[in-house]
$ cat start20.tsv   # TSV, C-alpha atoms
chain	number	residue	atom	x	y	z
G	809	GLY	CA	17.42	-0.50	6.07
G	810	SER	CA	15.58	0.42	2.93
G	811	LEU	CA	15.32	3.92	1.55
G	812	ALA	CA	11.50	3.72	1.81
G	813	ILE	CA	11.63	2.88	5.52
G	814	HIS	CA	13.93	5.84	6.10
G	815	ALA	CA	11.64	8.14	4.10
G	816	ILE	CA	8.58	7.04	6.08
G	817	GLY	CA	10.51	7.38	9.34
G	818	ASN	CA	11.65	10.88	8.39
G	819	GLY	CA	8.06	11.86	7.67
G	820	LEU	CA	6.90	10.38	10.97
G	821	SER	CA	9.59	12.30	12.86
G	822	LEU	CA	8.63	15.58	11.18
G	823	ALA	CA	4.89	15.09	11.67
G	824	ASN	CA	5.16	14.13	15.34
G	825	GLY	CA	8.27	15.97	16.50
G	826	LEU	CA	10.19	12.73	17.08
G	827	GLU	CA	13.90	12.12	16.83
G	828	ARG	CA	14.54	10.87	13.28
G	829	LYS	CA	16.64	7.85	14.30
G	830	HIS	CA	13.95	6.57	16.68
G	831	ALA	CA	11.12	7.18	14.21
G	832	VAL	CA	12.95	5.19	11.51
G	833	LYS	CA	13.47	2.37	14.02
G	834	GLN	CA	9.74	2.40	14.90
G	835	VAL	CA	8.75	2.13	11.24
G	836	ASP	CA	11.26	-0.67	10.66
G	837	ARG	CA	9.97	-2.64	13.67
G	838	LEU	CA	6.37	-2.20	12.55
G	839	LEU	CA	7.00	-3.33	8.99
G	840	THR	CA	9.12	-6.33	10.00
G	841	ASN	CA	6.72	-7.49	12.72
G	842	THR	CA	5.67	-11.01	11.71
G	843	LYS	CA	2.55	-10.75	13.91
G	844	LEU	CA	1.25	-7.83	11.84
G	845	ASN	CA	-1.32	-9.07	9.33
G	846	VAL	CA	-1.46	-6.35	6.69
G	847	TRP	CA	-4.67	-7.78	5.21
G	848	SER	CA	-6.50	-7.22	8.50
G	849	LEU	CA	-5.72	-3.49	8.20
G	850	PHE	CA	-7.83	-3.25	5.05
G	851	ASP	CA	-10.94	-4.17	7.10
G	852	ASP	CA	-10.72	-0.71	8.67
G	853	TRP	CA	-8.98	1.18	5.85
G	854	VAL	CA	-11.53	0.60	3.07
G	855	PRO	CA	-14.63	1.68	5.07
G	856	TYR	CA	-12.68	4.70	6.35
G	857	VAL	CA	-11.81	5.83	2.81
G	858	VAL	CA	-15.24	5.05	1.32
G	859	GLY	CA	-16.99	6.85	4.19
G	860	GLU	CA	-20.65	7.78	3.64
G	861	ARG	CA	-20.63	7.12	-0.11
G	862	THR	CA	-23.40	4.82	-1.32
G	863	GLU	CA	-21.76	4.32	-4.73
G	864	ILE	CA	-18.11	4.34	-5.72
G	865	VAL	CA	-16.06	4.03	-8.90
G	866	VAL	CA	-12.76	2.19	-8.68
G	867	SER	CA	-9.86	1.59	-11.02
G	868	MET	CA	-7.58	-1.42	-11.15
G	869	ASP	CA	-3.99	-0.88	-12.25
G	870	TRP	CA	-0.80	-2.91	-12.48
G	871	THR	CA	2.48	-1.09	-11.80
G	872	GLU	CA	5.71	-2.74	-12.88
G	873	PHE	CA	8.95	-2.61	-10.90
G	874	ASP	CA	11.30	-4.34	-13.35
G	875	ALA	CA	14.46	-3.82	-11.32
G	876	ASP	CA	12.93	-5.67	-8.35
G	877	ASP	CA	10.99	-8.28	-10.37
G	878	HIS	CA	7.74	-7.09	-8.78
G	879	SER	CA	4.34	-6.03	-10.07
G	880	THR	CA	1.79	-4.36	-7.82
G	881	LEU	CA	-1.94	-4.52	-8.42
G	882	VAL	CA	-3.76	-1.51	-6.95
G	883	ILE	CA	-7.50	-0.95	-6.64
G	884	SER	CA	-8.14	2.77	-6.13
G	885	LEU	CA	-11.17	4.90	-5.40
G	886	GLN	CA	-11.84	7.52	-8.08
G	887	THR	CA	-12.52	10.88	-6.45
G	888	ASN	CA	-14.32	13.97	-7.70
G	889	HIS	CA	-11.14	16.08	-7.56
G	890	GLY	CA	-9.29	14.09	-10.22
G	891	ARG	CA	-7.16	11.95	-7.94
G	892	THR	CA	-7.39	8.36	-6.82
G	893	THR	CA	-7.04	6.94	-3.32
G	894	PRO	CA	-5.63	3.42	-2.98
G	895	LEU	CA	-8.06	1.02	-1.33
G	896	LEU	CA	-6.28	-2.32	-1.74
G	897	TRP	CA	-2.93	-3.34	-3.15
G	898	LYS	CA	-0.91	-6.49	-3.46
G	899	THR	CA	2.58	-7.09	-4.83
G	900	HIS	CA	3.53	-10.18	-6.83
G	901	ARG	CA	6.78	-11.51	-8.20
G	902	LYS	CA	6.65	-10.43	-11.85
G	903	SER	CA	8.53	-13.46	-13.19
G	904	LEU	CA	5.78	-15.74	-11.80
G	905	LEU	CA	2.84	-13.73	-13.21
G	906	LYS	CA	2.80	-14.92	-16.81
G	907	ALA	CA	-0.79	-15.90	-17.68
G	908	GLN	CA	-1.78	-15.39	-14.01
G	909	ARG	CA	-2.78	-11.73	-13.92
G	910	ASN	CA	-6.49	-12.36	-14.51
G	911	ALA	CA	-6.58	-14.86	-11.65
G	912	HIS	CA	-4.99	-12.31	-9.31
G	913	GLU	CA	-7.44	-9.62	-10.45
G	914	LYS	CA	-10.37	-11.89	-9.56
G	915	GLU	CA	-8.89	-12.65	-6.14
$ encode --input "start20.tsv" --output "structure tokens"
Amino acid sequence: GSLAIHAIGNGLSLANGLERKHAVKQVDRLLTNTKLNVWSLFDDWVPYVVGERTEIVVSMDWTEFDADDHSTLVISLQTNHGRTTPLLWKTHRKSLLKAQRNAHEKE
């Protein structure tokens, strides 16, 4: 499994008093579940993060992962305590992005 899945599983086990091995397995099964539509999760996530705000300021940022040939576009909520909270994100194969970034940003 990936290092990220193990890290998330370790955090889950610590937060909920679970056995580490089983928590890692739960995370792995969730993330490899083909019936899970990640985009449907944003329908609940974005309103939860925005909350009662009537106006928000967001930033859009590309992060490059050269070793994996990936670029991730993140739209984050700017907060009043100097941090941002990710609202939406999508990862693309970097080698296929040439002259396509603007189209993905408008998506």
$ residues_around --input "start20.tsv" --residues "segment 838-849 of chain G" --least-positions-apart "6" --cutoff "12 Å" --atoms "all atoms listed in the file" --output "mmCIF file with C-alpha atoms, keeping the file's coordinate frame"
data_model
loop_
_atom_site.group_PDB
_atom_site.id
_atom_site.type_symbol
_atom_site.label_atom_id
_atom_site.label_comp_id
_atom_site.auth_asym_id
_atom_site.auth_seq_id
_atom_site.Cartn_x
_atom_site.Cartn_y
_atom_site.Cartn_z
ATOM 1 C CA GLY G 809 17.420 -0.500 6.070
ATOM 2 C CA SER G 810 15.580 0.420 2.930
ATOM 3 C CA ALA G 812 11.500 3.720 1.810
ATOM 4 C CA ILE G 813 11.630 2.880 5.520
ATOM 5 C CA HIS G 814 13.930 5.840 6.100
ATOM 6 C CA ILE G 816 8.580 7.040 6.080
ATOM 7 C CA GLY G 817 10.510 7.380 9.340
ATOM 8 C CA ALA G 831 11.120 7.180 14.210
ATOM 9 C CA VAL G 832 12.950 5.190 11.510
ATOM 10 C CA PRO G 855 -14.630 1.680 5.070
ATOM 11 C CA TYR G 856 -12.680 4.700 6.350
ATOM 12 C CA LEU G 895 -8.060 1.020 -1.330
ATOM 13 C CA LEU G 896 -6.280 -2.320 -1.740
ATOM 14 C CA TRP G 897 -2.930 -3.340 -3.150
ATOM 15 C CA LYS G 898 -0.910 -6.490 -3.460
#
$ closest_residue --input "start20.tsv" --among "G:Leu881, G:Val857, G:Leu822, G:Val835" --to "Glu913 of chain G" --atoms "only C-alpha atoms"
G:Leu881
$ closest_residue --input "start20.tsv" --among "G:Asp851, G:Arg861, G:Asn818, G:Gln908" --to "His830 of chain G" --atoms "all atoms listed in the file"
G:Asn818
$ closest_residue --input "start20.tsv" --among "G:Gln834, G:Thr899, G:Asn824, G:Thr862" --to "Thr880 of chain G" --atoms "all atoms listed in the file"
G:Thr899
$ atom_distance --input "start20.tsv" --atom1 "atom CA of Arg901 of chain G" --atom2 "atom CA of His878 of chain G"
4.6 Å
$ axis_aligned_box --input "start20.tsv" --around "segment 842-848 of chain G" --padding-each-side "3 Å" --output "lines of an AutoDock Vina configuration file"
center_x = -0.4
center_y = -8.7
center_z = 9.6
size_x = 18.2
size_y = 10.7
size_z = 14.7
$ atom_distance --input "start20.tsv" --atom1 "atom CA of Val882 of chain G" --atom2 "atom CA of Asp852 of chain G"
17.1 Å
$ atom_distance --input "start20.tsv" --atom1 "atom CA of Ala907 of chain G" --atom2 "atom CA of Glu872 of chain G"
15.4 Å
$ closest_residue --input "start20.tsv" --among "G:Asp877, G:Asn888, G:Trp870, G:Pro894" --to "Phe850 of chain G" --atoms "only C-alpha atoms"
G:Pro894
$ closest_residue --input "start20.tsv" --among "G:Lys833, G:Ala815, G:Thr887, G:Ser879" --to "His900 of chain G" --atoms "all atoms listed in the file"
G:Ser879
$ residues_near_point --input "start20.tsv" --point "(-14.4, 1.5, -9.5)" --cutoff "8 Å" --atoms "all atoms listed in the file" --output "list in words"
Ile864, Val865, Val866, Ser867, Met868, Ile883, Ser884, Leu885 and Gln886 of chain G
$ write_last_selection --input "start20.tsv" --atoms "C-alpha atoms" --output "CSV table (one decimal), in the coordinates of the input"
chain,number,residue,atom,x,y,z
G,864,ILE,CA,-18.1,4.3,-5.7
G,865,VAL,CA,-16.1,4.0,-8.9
G,866,VAL,CA,-12.8,2.2,-8.7
G,867,SER,CA,-9.9,1.6,-11.0
G,868,MET,CA,-7.6,-1.4,-11.2
G,883,ILE,CA,-7.5,-1.0,-6.6
G,884,SER,CA,-8.1,2.8,-6.1
G,885,LEU,CA,-11.2,4.9,-5.4
G,886,GLN,CA,-11.8,7.5,-8.1
